[in-house]
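Peer 1: File run17.cif below, mmCIF, N, CA and C atoms:
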```cif
data_target
loop_
_atom_site.label_atom_id
_atom_site.label_comp_id
_atom_site.auth_asym_id
_atom_site.auth_seq_id
_atom_site.Cartn_x
_atom_site.Cartn_y
_atom_site.Cartn_z
N MET A 1 -22.07 29.87 12.46
CA MET A 1 -20.74 29.67 11.93
C MET A 1 -19.90 28.89 12.93
N VAL A 2 -19.18 27.89 12.43
CA VAL A 2 -18.27 27.10 13.26
C VAL A 2 -16.92 27.04 12.53
N SER A 3 -15.86 26.88 13.31
CA SER A 3 -14.54 26.81 12.69
C SER A 3 -13.60 25.96 13.53
N ALA A 4 -12.52 25.53 12.89
CA ALA A 4 -11.50 24.73 13.56
C ALA A 4 -10.18 24.94 12.84
N GLN A 5 -9.10 24.80 13.58
CA GLN A 5 -7.76 24.82 13.00
C GLN A 5 -7.46 23.40 12.51
N VAL A 6 -7.05 23.27 11.26
CA VAL A 6 -6.69 21.97 10.71
C VAL A 6 -5.30 22.06 10.10
N THR A 7 -4.60 20.93 10.09
CA THR A 7 -3.24 20.89 9.56
C THR A 7 -3.17 19.89 8.41
N ILE A 8 -2.55 20.30 7.33
CA ILE A 8 -2.37 19.42 6.17
C ILE A 8 -1.25 18.43 6.50
N VAL A 9 -1.56 17.14 6.41
CA VAL A 9 -0.59 16.11 6.78
C VAL A 9 0.01 15.37 5.58
N ASN A 10 -0.64 15.45 4.42
CA ASN A 10 -0.09 14.75 3.27
C ASN A 10 1.13 15.51 2.73
N LYS A 11 2.13 14.79 2.26
CA LYS A 11 3.43 15.35 1.89
C LYS A 11 3.37 16.42 0.81
N SER A 12 2.42 16.33 -0.08
CA SER A 12 2.38 17.25 -1.21
C SER A 12 1.50 18.48 -0.97
N GLY A 13 0.87 18.59 0.19
CA GLY A 13 -0.01 19.72 0.45
C GLY A 13 -1.28 19.64 -0.38
N LEU A 14 -1.91 20.79 -0.58
CA LEU A 14 -3.15 20.82 -1.36
C LEU A 14 -2.86 21.12 -2.83
N HIS A 15 -2.16 20.22 -3.50
CA HIS A 15 -1.95 20.36 -4.94
C HIS A 15 -3.19 19.83 -5.65
N ALA A 16 -3.14 19.67 -6.95
CA ALA A 16 -4.33 19.39 -7.77
C ALA A 16 -5.17 18.20 -7.30
N ARG A 17 -4.56 17.05 -7.09
CA ARG A 17 -5.35 15.86 -6.74
C ARG A 17 -6.02 15.98 -5.37
N PRO A 18 -5.29 16.29 -4.30
CA PRO A 18 -5.98 16.43 -3.02
C PRO A 18 -6.93 17.62 -2.97
N ALA A 19 -6.63 18.67 -3.72
CA ALA A 19 -7.55 19.81 -3.78
C ALA A 19 -8.87 19.38 -4.42
N SER A 20 -8.79 18.54 -5.44
CA SER A 20 -9.98 18.02 -6.09
C SER A 20 -10.80 17.16 -5.12
N VAL A 21 -10.12 16.33 -4.34
CA VAL A 21 -10.80 15.51 -3.33
C VAL A 21 -11.49 16.41 -2.31
N PHE A 22 -10.79 17.46 -1.87
CA PHE A 22 -11.33 18.42 -0.90
C PHE A 22 -12.60 19.07 -1.44
N VAL A 23 -12.53 19.60 -2.67
CA VAL A 23 -13.68 20.30 -3.26
C VAL A 23 -14.85 19.34 -3.47
N LYS A 24 -14.57 18.14 -3.95
CA LYS A 24 -15.64 17.16 -4.17
C LYS A 24 -16.39 16.88 -2.86
N GLU A 25 -15.66 16.79 -1.77
CA GLU A 25 -16.28 16.56 -0.46
C GLU A 25 -17.14 17.76 -0.02
N THR A 26 -16.68 18.97 -0.30
CA THR A 26 -17.44 20.16 0.12
C THR A 26 -18.80 20.22 -0.54
N LEU A 27 -18.91 19.66 -1.74
CA LEU A 27 -20.17 19.73 -2.48
C LEU A 27 -21.27 18.88 -1.85
N LYS A 28 -20.93 18.06 -0.87
CA LYS A 28 -21.92 17.26 -0.15
C LYS A 28 -22.69 18.10 0.87
N TYR A 29 -22.19 19.30 1.13
CA TYR A 29 -22.77 20.14 2.19
C TYR A 29 -23.39 21.41 1.61
N LYS A 30 -24.47 21.86 2.24
CA LYS A 30 -25.13 23.09 1.83
C LYS A 30 -24.40 24.32 2.36
N SER A 31 -23.69 24.17 3.45
CA SER A 31 -22.99 25.28 4.08
C SER A 31 -21.86 25.80 3.20
N SER A 32 -21.54 27.09 3.39
CA SER A 32 -20.35 27.62 2.74
C SER A 32 -19.13 27.10 3.51
N ILE A 33 -18.04 26.88 2.80
CA ILE A 33 -16.82 26.37 3.42
C ILE A 33 -15.68 27.27 2.97
N THR A 34 -14.97 27.80 3.95
CA THR A 34 -13.92 28.77 3.68
C THR A 34 -12.60 28.31 4.30
N ILE A 35 -11.52 28.51 3.56
CA ILE A 35 -10.17 28.28 4.06
C ILE A 35 -9.60 29.65 4.38
N LYS A 36 -9.18 29.84 5.63
CA LYS A 36 -8.60 31.13 6.02
C LYS A 36 -7.14 30.92 6.41
N MET A 37 -6.26 31.56 5.66
CA MET A 37 -4.82 31.51 5.90
C MET A 37 -4.37 32.93 6.23
N GLY A 38 -3.99 33.14 7.47
CA GLY A 38 -3.60 34.50 7.87
C GLY A 38 -4.77 35.45 7.72
N ASP A 39 -4.59 36.51 6.94
CA ASP A 39 -5.67 37.48 6.74
C ASP A 39 -6.41 37.29 5.42
N LYS A 40 -6.10 36.19 4.71
CA LYS A 40 -6.76 35.92 3.42
C LYS A 40 -7.72 34.75 3.55
N SER A 41 -8.85 34.85 2.85
CA SER A 41 -9.86 33.79 2.84
C SER A 41 -10.06 33.29 1.42
N TYR A 42 -10.32 31.97 1.31
CA TYR A 42 -10.49 31.32 0.02
C TYR A 42 -11.74 30.45 0.04
N ASN A 43 -12.45 30.43 -1.08
CA ASN A 43 -13.67 29.63 -1.21
C ASN A 43 -13.28 28.14 -1.29
N GLY A 44 -13.67 27.37 -0.27
CA GLY A 44 -13.35 25.96 -0.21
C GLY A 44 -14.13 25.11 -1.20
N LYS A 45 -15.16 25.68 -1.81
CA LYS A 45 -15.96 24.93 -2.77
C LYS A 45 -15.50 25.18 -4.21
N SER A 46 -14.42 25.91 -4.36
CA SER A 46 -13.88 26.25 -5.68
C SER A 46 -12.48 25.66 -5.81
N ILE A 47 -12.23 24.90 -6.87
CA ILE A 47 -10.91 24.32 -7.07
C ILE A 47 -9.87 25.43 -7.19
N LEU A 48 -10.21 26.53 -7.85
CA LEU A 48 -9.27 27.64 -7.97
C LEU A 48 -9.02 28.31 -6.62
N GLY A 49 -10.05 28.38 -5.80
CA GLY A 49 -9.89 28.94 -4.46
C GLY A 49 -8.97 28.09 -3.61
N VAL A 50 -9.17 26.78 -3.65
CA VAL A 50 -8.35 25.86 -2.85
C VAL A 50 -6.91 25.88 -3.33
N LEU A 51 -6.71 25.81 -4.64
CA LEU A 51 -5.35 25.86 -5.18
C LEU A 51 -4.69 27.22 -4.90
N GLY A 52 -5.48 28.27 -4.96
CA GLY A 52 -4.98 29.63 -4.69
C GLY A 52 -4.50 29.83 -3.28
N ALA A 53 -4.99 29.02 -2.36
CA ALA A 53 -4.56 29.13 -0.96
C ALA A 53 -3.11 28.68 -0.79
N CYS A 54 -2.59 27.89 -1.73
CA CYS A 54 -1.20 27.40 -1.71
C CYS A 54 -0.84 26.78 -0.36
N VAL A 55 -1.64 25.83 0.10
CA VAL A 55 -1.42 25.19 1.40
C VAL A 55 -0.39 24.08 1.24
N LYS A 56 0.70 24.19 1.97
CA LYS A 56 1.80 23.22 1.91
C LYS A 56 1.68 22.20 3.05
N CYS A 57 2.44 21.14 2.96
CA CYS A 57 2.48 20.12 4.02
C CYS A 57 2.88 20.76 5.33
N GLY A 58 2.15 20.44 6.38
CA GLY A 58 2.43 20.97 7.71
C GLY A 58 1.77 22.30 8.00
N ALA A 59 1.18 22.92 6.99
CA ALA A 59 0.52 24.21 7.19
C ALA A 59 -0.79 24.02 7.94
N THR A 60 -1.08 24.96 8.81
CA THR A 60 -2.33 24.97 9.56
C THR A 60 -3.17 26.13 9.06
N PHE A 61 -4.45 25.87 8.85
CA PHE A 61 -5.36 26.93 8.44
C PHE A 61 -6.67 26.79 9.19
N GLU A 62 -7.46 27.87 9.16
CA GLU A 62 -8.77 27.84 9.79
C GLU A 62 -9.78 27.39 8.75
N LEU A 63 -10.54 26.37 9.10
CA LEU A 63 -11.61 25.86 8.25
C LEU A 63 -12.91 26.40 8.83
N ILE A 64 -13.63 27.20 8.04
CA ILE A 64 -14.85 27.86 8.52
C ILE A 64 -16.04 27.33 7.73
N CYS A 65 -17.06 26.87 8.45
CA CYS A 65 -18.29 26.39 7.82
C CYS A 65 -19.45 27.22 8.34
N ASP A 66 -20.31 27.65 7.44
CA ASP A 66 -21.44 28.50 7.82
C ASP A 66 -22.67 28.11 7.00
N GLY A 67 -23.71 27.65 7.69
CA GLY A 67 -24.93 27.28 7.01
C GLY A 67 -25.72 26.25 7.78
N PRO A 68 -26.73 25.67 7.12
CA PRO A 68 -27.65 24.77 7.81
C PRO A 68 -27.03 23.47 8.31
N ASP A 69 -25.96 23.01 7.68
CA ASP A 69 -25.32 21.76 8.11
C ASP A 69 -23.85 22.01 8.50
N GLU A 70 -23.61 23.17 9.09
CA GLU A 70 -22.23 23.60 9.37
C GLU A 70 -21.47 22.65 10.29
N LYS A 71 -22.12 22.12 11.30
CA LYS A 71 -21.42 21.20 12.22
C LYS A 71 -21.00 19.93 11.51
N GLU A 72 -21.90 19.36 10.72
CA GLU A 72 -21.58 18.15 9.97
C GLU A 72 -20.48 18.43 8.94
N ALA A 73 -20.56 19.60 8.30
CA ALA A 73 -19.55 19.97 7.31
C ALA A 73 -18.17 20.09 7.97
N LEU A 74 -18.12 20.75 9.12
CA LEU A 74 -16.84 20.92 9.81
C LEU A 74 -16.26 19.58 10.24
N GLU A 75 -17.09 18.72 10.78
CA GLU A 75 -16.62 17.39 11.19
C GLU A 75 -16.12 16.59 10.00
N GLY A 76 -16.90 16.56 8.92
CA GLY A 76 -16.53 15.79 7.74
C GLY A 76 -15.28 16.31 7.06
N MET A 77 -15.18 17.63 6.92
CA MET A 77 -14.02 18.21 6.25
C MET A 77 -12.77 18.09 7.11
N SER A 78 -12.90 18.26 8.40
CA SER A 78 -11.76 18.11 9.31
C SER A 78 -11.23 16.68 9.27
N ALA A 79 -12.13 15.72 9.27
CA ALA A 79 -11.73 14.31 9.21
C ALA A 79 -11.03 14.00 7.88
N LEU A 80 -11.54 14.57 6.79
CA LEU A 80 -10.92 14.33 5.49
C LEU A 80 -9.50 14.89 5.45
N VAL A 81 -9.30 16.09 5.95
CA VAL A 81 -7.97 16.69 5.97
C VAL A 81 -7.04 15.85 6.87
N ALA A 82 -7.53 15.44 8.03
CA ALA A 82 -6.72 14.63 8.95
C ALA A 82 -6.34 13.29 8.35
N SER A 83 -7.17 12.78 7.45
CA SER A 83 -6.90 11.47 6.82
C SER A 83 -5.85 11.56 5.71
N GLY A 84 -5.44 12.77 5.34
CA GLY A 84 -4.45 12.93 4.29
C GLY A 84 -5.03 13.14 2.90
N LEU A 85 -6.33 13.35 2.81
CA LEU A 85 -6.99 13.63 1.54
C LEU A 85 -6.75 12.56 0.50
N GLY A 86 -6.75 11.30 0.95
CA GLY A 86 -6.62 10.19 0.03
C GLY A 86 -5.22 9.87 -0.44
N GLU A 87 -4.23 10.51 0.15
CA GLU A 87 -2.85 10.22 -0.26
C GLU A 87 -2.11 9.45 0.82
#
```
Represent the structure contained in this file as structure tokens.
Peer 2:
Amino acid sequence: MVSAQVTIVNKSGLHARPASVFVKETLKYKSSITIKMGDKSYNGKSILGVLGACVKCGATFELICDGPDEKEALEGMSALVASGLGE
């Protein structure tokens, strides 16, 4: 298991469009991907999980990847979030 703190930089946070981009990217990896906000965890491979996290602009969360390609998943997902999720 590997993890990193990431910050949402796009103005609208993880609303429907960027959440869809996030989930689509997670499906490239075999590892499980989890968004942890405070004491709650959300399935990063589920659009409902990502939207349920209610991540706003400027929010920081822990991105946790666990599985056979966890390092690649963490690097790829962290870079995607840092890029603004296409916005």
Peer 1: Which is closer to A:Gly13 than all the others in A:Glu72, A:Cys65, A:Cys54, A:Met77, using all atoms listed in the file?
Peer 2: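 Among the listed residues, A:Cys54 lies closest to A:Gly13.
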Peer 1: List the neighbours of A:Ser83 out to 9 Å using only C-alpha atoms; skip same-chain residues closer than 5 positions along the sequence, and give me the result as a list of chain:residue names.
Peer 2: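 So, after excluding close chain neighbours, the residues are A:Val9, A:Asn10, A:Ser78.
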Peer 1: My list of candidates is A:Glu62, A:Val50, A:Glu87, A:Ser12. Which is closest to A:Leu74 when distances are computed with only C-alpha atoms?
Peer 2: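 Smallest distance to A:Leu74 is found for A:Glu62.
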Peer 1: Could you check how far atom CA of A:Ser31 sits from atom CA of A:Lys45, in Å to one decimal?
Peer 2: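 Atom CA of A:Lys45 lies 9.8 Å from atom CA of A:Ser31.
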Peer 1: Atom CA of A:Met37 and atom CA of A:Glu75 are how many Å apart?
Peer 2: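 Calculated distance between atom CA of A:Met37 and atom CA of A:Glu75 is 19.1 Å.
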Peer 1: So which residues get picked by the PyMOL selection byres (((chain A and resi 15 and name CA) around 12) and name CA) here, written as a PDB file with N, CA and C atoms, keeping the file's coordinate frame?
Peer 2:
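Generated file (selection_35.pdb):
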```
ATOM      1  N   ILE A   8      -2.550  20.300   7.330  1.00  0.00           N
ATOM      2  CA  ILE A   8      -2.370  19.420   6.170  1.00  0.00           C
ATOM      3  C   ILE A   8      -1.250  18.430   6.500  1.00  0.00           C
ATOM      4  N   ASN A  10      -0.640  15.450   4.420  1.00  0.00           N
ATOM      5  CA  ASN A  10      -0.090  14.750   3.270  1.00  0.00           C
ATOM      6  C   ASN A  10       1.130  15.510   2.730  1.00  0.00           C
ATOM      7  N   LYS A  11       2.130  14.790   2.260  1.00  0.00           N
ATOM      8  CA  LYS A  11       3.430  15.350   1.890  1.00  0.00           C
ATOM      9  C   LYS A  11       3.370  16.420   0.810  1.00  0.00           C
ATOM     10  N   SER A  12       2.420  16.330  -0.080  1.00  0.00           N
ATOM     11  CA  SER A  12       2.380  17.250  -1.210  1.00  0.00           C
ATOM     12  C   SER A  12       1.500  18.480  -0.970  1.00  0.00           C
ATOM     13  N   GLY A  13       0.870  18.590   0.190  1.00  0.00           N
ATOM     14  CA  GLY A  13      -0.010  19.720   0.450  1.00  0.00           C
ATOM     15  C   GLY A  13      -1.280  19.640  -0.380  1.00  0.00           C
ATOM     16  N   LEU A  14      -1.910  20.790  -0.580  1.00  0.00           N
ATOM     17  CA  LEU A  14      -3.150  20.820  -1.360  1.00  0.00           C
ATOM     18  C   LEU A  14      -2.860  21.120  -2.830  1.00  0.00           C
ATOM     19  N   ALA A  16      -3.140  19.670  -6.950  1.00  0.00           N
ATOM     20  CA  ALA A  16      -4.330  19.390  -7.770  1.00  0.00           C
ATOM     21  C   ALA A  16      -5.170  18.200  -7.300  1.00  0.00           C
ATOM     22  N   ARG A  17      -4.560  17.050  -7.090  1.00  0.00           N
ATOM     23  CA  ARG A  17      -5.350  15.860  -6.740  1.00  0.00           C
ATOM     24  C   ARG A  17      -6.020  15.980  -5.370  1.00  0.00           C
ATOM     25  N   PRO A  18      -5.290  16.290  -4.300  1.00  0.00           N
ATOM     26  CA  PRO A  18      -5.980  16.430  -3.020  1.00  0.00           C
ATOM     27  C   PRO A  18      -6.930  17.620  -2.970  1.00  0.00           C
ATOM     28  N   ALA A  19      -6.630  18.670  -3.720  1.00  0.00           N
ATOM     29  CA  ALA A  19      -7.550  19.810  -3.780  1.00  0.00           C
ATOM     30  C   ALA A  19      -8.870  19.380  -4.420  1.00  0.00           C
ATOM     31  N   SER A  20      -8.790  18.540  -5.440  1.00  0.00           N
ATOM     32  CA  SER A  20      -9.980  18.020  -6.090  1.00  0.00           C
ATOM     33  C   SER A  20     -10.800  17.160  -5.120  1.00  0.00           C
ATOM     34  N   VAL A  21     -10.120  16.330  -4.340  1.00  0.00           N
ATOM     35  CA  VAL A  21     -10.800  15.510  -3.330  1.00  0.00           C
ATOM     36  C   VAL A  21     -11.490  16.410  -2.310  1.00  0.00           C
ATOM     37  N   PHE A  22     -10.790  17.460  -1.870  1.00  0.00           N
ATOM     38  CA  PHE A  22     -11.330  18.420  -0.900  1.00  0.00           C
ATOM     39  C   PHE A  22     -12.600  19.070  -1.440  1.00  0.00           C
ATOM     40  N   VAL A  23     -12.530  19.600  -2.670  1.00  0.00           N
ATOM     41  CA  VAL A  23     -13.680  20.300  -3.260  1.00  0.00           C
ATOM     42  C   VAL A  23     -14.850  19.340  -3.470  1.00  0.00           C
ATOM     43  N   ILE A  47     -12.230  24.900  -6.870  1.00  0.00           N
ATOM     44  CA  ILE A  47     -10.910  24.320  -7.070  1.00  0.00           C
ATOM     45  C   ILE A  47      -9.870  25.430  -7.190  1.00  0.00           C
ATOM     46  N   LEU A  48     -10.210  26.530  -7.850  1.00  0.00           N
ATOM     47  CA  LEU A  48      -9.270  27.640  -7.970  1.00  0.00           C
ATOM     48  C   LEU A  48      -9.020  28.310  -6.620  1.00  0.00           C
ATOM     49  N   GLY A  49     -10.050  28.380  -5.800  1.00  0.00           N
ATOM     50  CA  GLY A  49      -9.890  28.940  -4.460  1.00  0.00           C
ATOM     51  C   GLY A  49      -8.970  28.090  -3.610  1.00  0.00           C
ATOM     52  N   VAL A  50      -9.170  26.780  -3.650  1.00  0.00           N
ATOM     53  CA  VAL A  50      -8.350  25.860  -2.850  1.00  0.00           C
ATOM     54  C   VAL A  50      -6.910  25.880  -3.330  1.00  0.00           C
ATOM     55  N   LEU A  51      -6.710  25.810  -4.640  1.00  0.00           N
ATOM     56  CA  LEU A  51      -5.350  25.860  -5.180  1.00  0.00           C
ATOM     57  C   LEU A  51      -4.690  27.220  -4.900  1.00  0.00           C
ATOM     58  N   GLY A  52      -5.480  28.270  -4.960  1.00  0.00           N
ATOM     59  CA  GLY A  52      -4.980  29.630  -4.690  1.00  0.00           C
ATOM     60  C   GLY A  52      -4.500  29.830  -3.280  1.00  0.00           C
ATOM     61  N   ALA A  53      -4.990  29.020  -2.360  1.00  0.00           N
ATOM     62  CA  ALA A  53      -4.560  29.130  -0.960  1.00  0.00           C
ATOM     63  C   ALA A  53      -3.110  28.680  -0.790  1.00  0.00           C
ATOM     64  N   CYS A  54      -2.590  27.890  -1.730  1.00  0.00           N
ATOM     65  CA  CYS A  54      -1.200  27.400  -1.710  1.00  0.00           C
ATOM     66  C   CYS A  54      -0.840  26.780  -0.360  1.00  0.00           C
ATOM     67  N   VAL A  55      -1.640  25.830   0.100  1.00  0.00           N
ATOM     68  CA  VAL A  55      -1.420  25.190   1.400  1.00  0.00           C
ATOM     69  C   VAL A  55      -0.390  24.080   1.240  1.00  0.00           C
ATOM     70  N   LYS A  56       0.700  24.190   1.970  1.00  0.00           N
ATOM     71  CA  LYS A  56       1.800  23.220   1.910  1.00  0.00           C
ATOM     72  C   LYS A  56       1.680  22.200   3.050  1.00  0.00           C
ATOM     73  N   CYS A  57       2.440  21.140   2.960  1.00  0.00           N
ATOM     74  CA  CYS A  57       2.480  20.120   4.020  1.00  0.00           C
ATOM     75  C   CYS A  57       2.880  20.760   5.330  1.00  0.00           C
ATOM     76  N   LEU A  85      -6.330  13.350   2.810  1.00  0.00           N
ATOM     77  CA  LEU A  85      -6.990  13.630   1.540  1.00  0.00           C
ATOM     78  C   LEU A  85      -6.750  12.560   0.500  1.00  0.00           C
ATOM     79  N   GLU A  87      -4.230  10.510   0.150  1.00  0.00           N
ATOM     80  CA  GLU A  87      -2.850  10.220  -0.260  1.00  0.00           C
ATOM     81  C   GLU A  87      -2.110   9.450   0.820  1.00  0.00           C
TER      82      GLU A  87
END
```
Peer 1: What parts of chain A does DSSP call helix (DSSP H, G or I)? I'd like the answer as a ChimeraX atom specification.
Peer 2: /A:16-26,47-52,70-82
Peer 1: Which of stretch 1-82 of chain A end up as strand (DSSP E or B) when DSSP is run on this backbone - answer as a ChimeraX atom specification?
Peer 2: /A:2-7,32-37,40-43,60-66
Peer 1: What's around A:Gly44 at 5 Å? Count all atoms listed in the file, leave out sequence neighbours fewer than 6 positions away in its own chain, and write the answer as a PyMOL selection string.
Peer 2: chain A and resi 33-35
Peer 1: Next, write the just-selected residues to a file, as an mmCIF file, in the coordinates of the input, keeping N, CA and C atoms as the atom set.
Peer 2:
```cif
data_model
loop_
_atom_site.group_PDB
_atom_site.id
_atom_site.type_symbol
_atom_site.label_atom_id
_atom_site.label_comp_id
_atom_site.auth_asym_id
_atom_site.auth_seq_id
_atom_site.Cartn_x
_atom_site.Cartn_y
_atom_site.Cartn_z
ATOM 1 N N ILE A 33 -18.040 26.880 2.800
ATOM 2 C CA ILE A 33 -16.820 26.370 3.420
ATOM 3 C C ILE A 33 -15.680 27.270 2.970
ATOM 4 N N THR A 34 -14.970 27.800 3.950
ATOM 5 C CA THR A 34 -13.920 28.770 3.680
ATOM 6 C C THR A 34 -12.600 28.310 4.300
ATOM 7 N N ILE A 35 -11.520 28.510 3.560
ATOM 8 C CA ILE A 35 -10.170 28.280 4.060
ATOM 9 C C ILE A 35 -9.600 29.650 4.380
#
```
Peer 1: Using only C-alpha atoms, can you tell me which of A:Gly86, A:Gly76, A:Ile64, A:Thr7 comes closest to A:Ser32?
Peer 2: A:Ile64
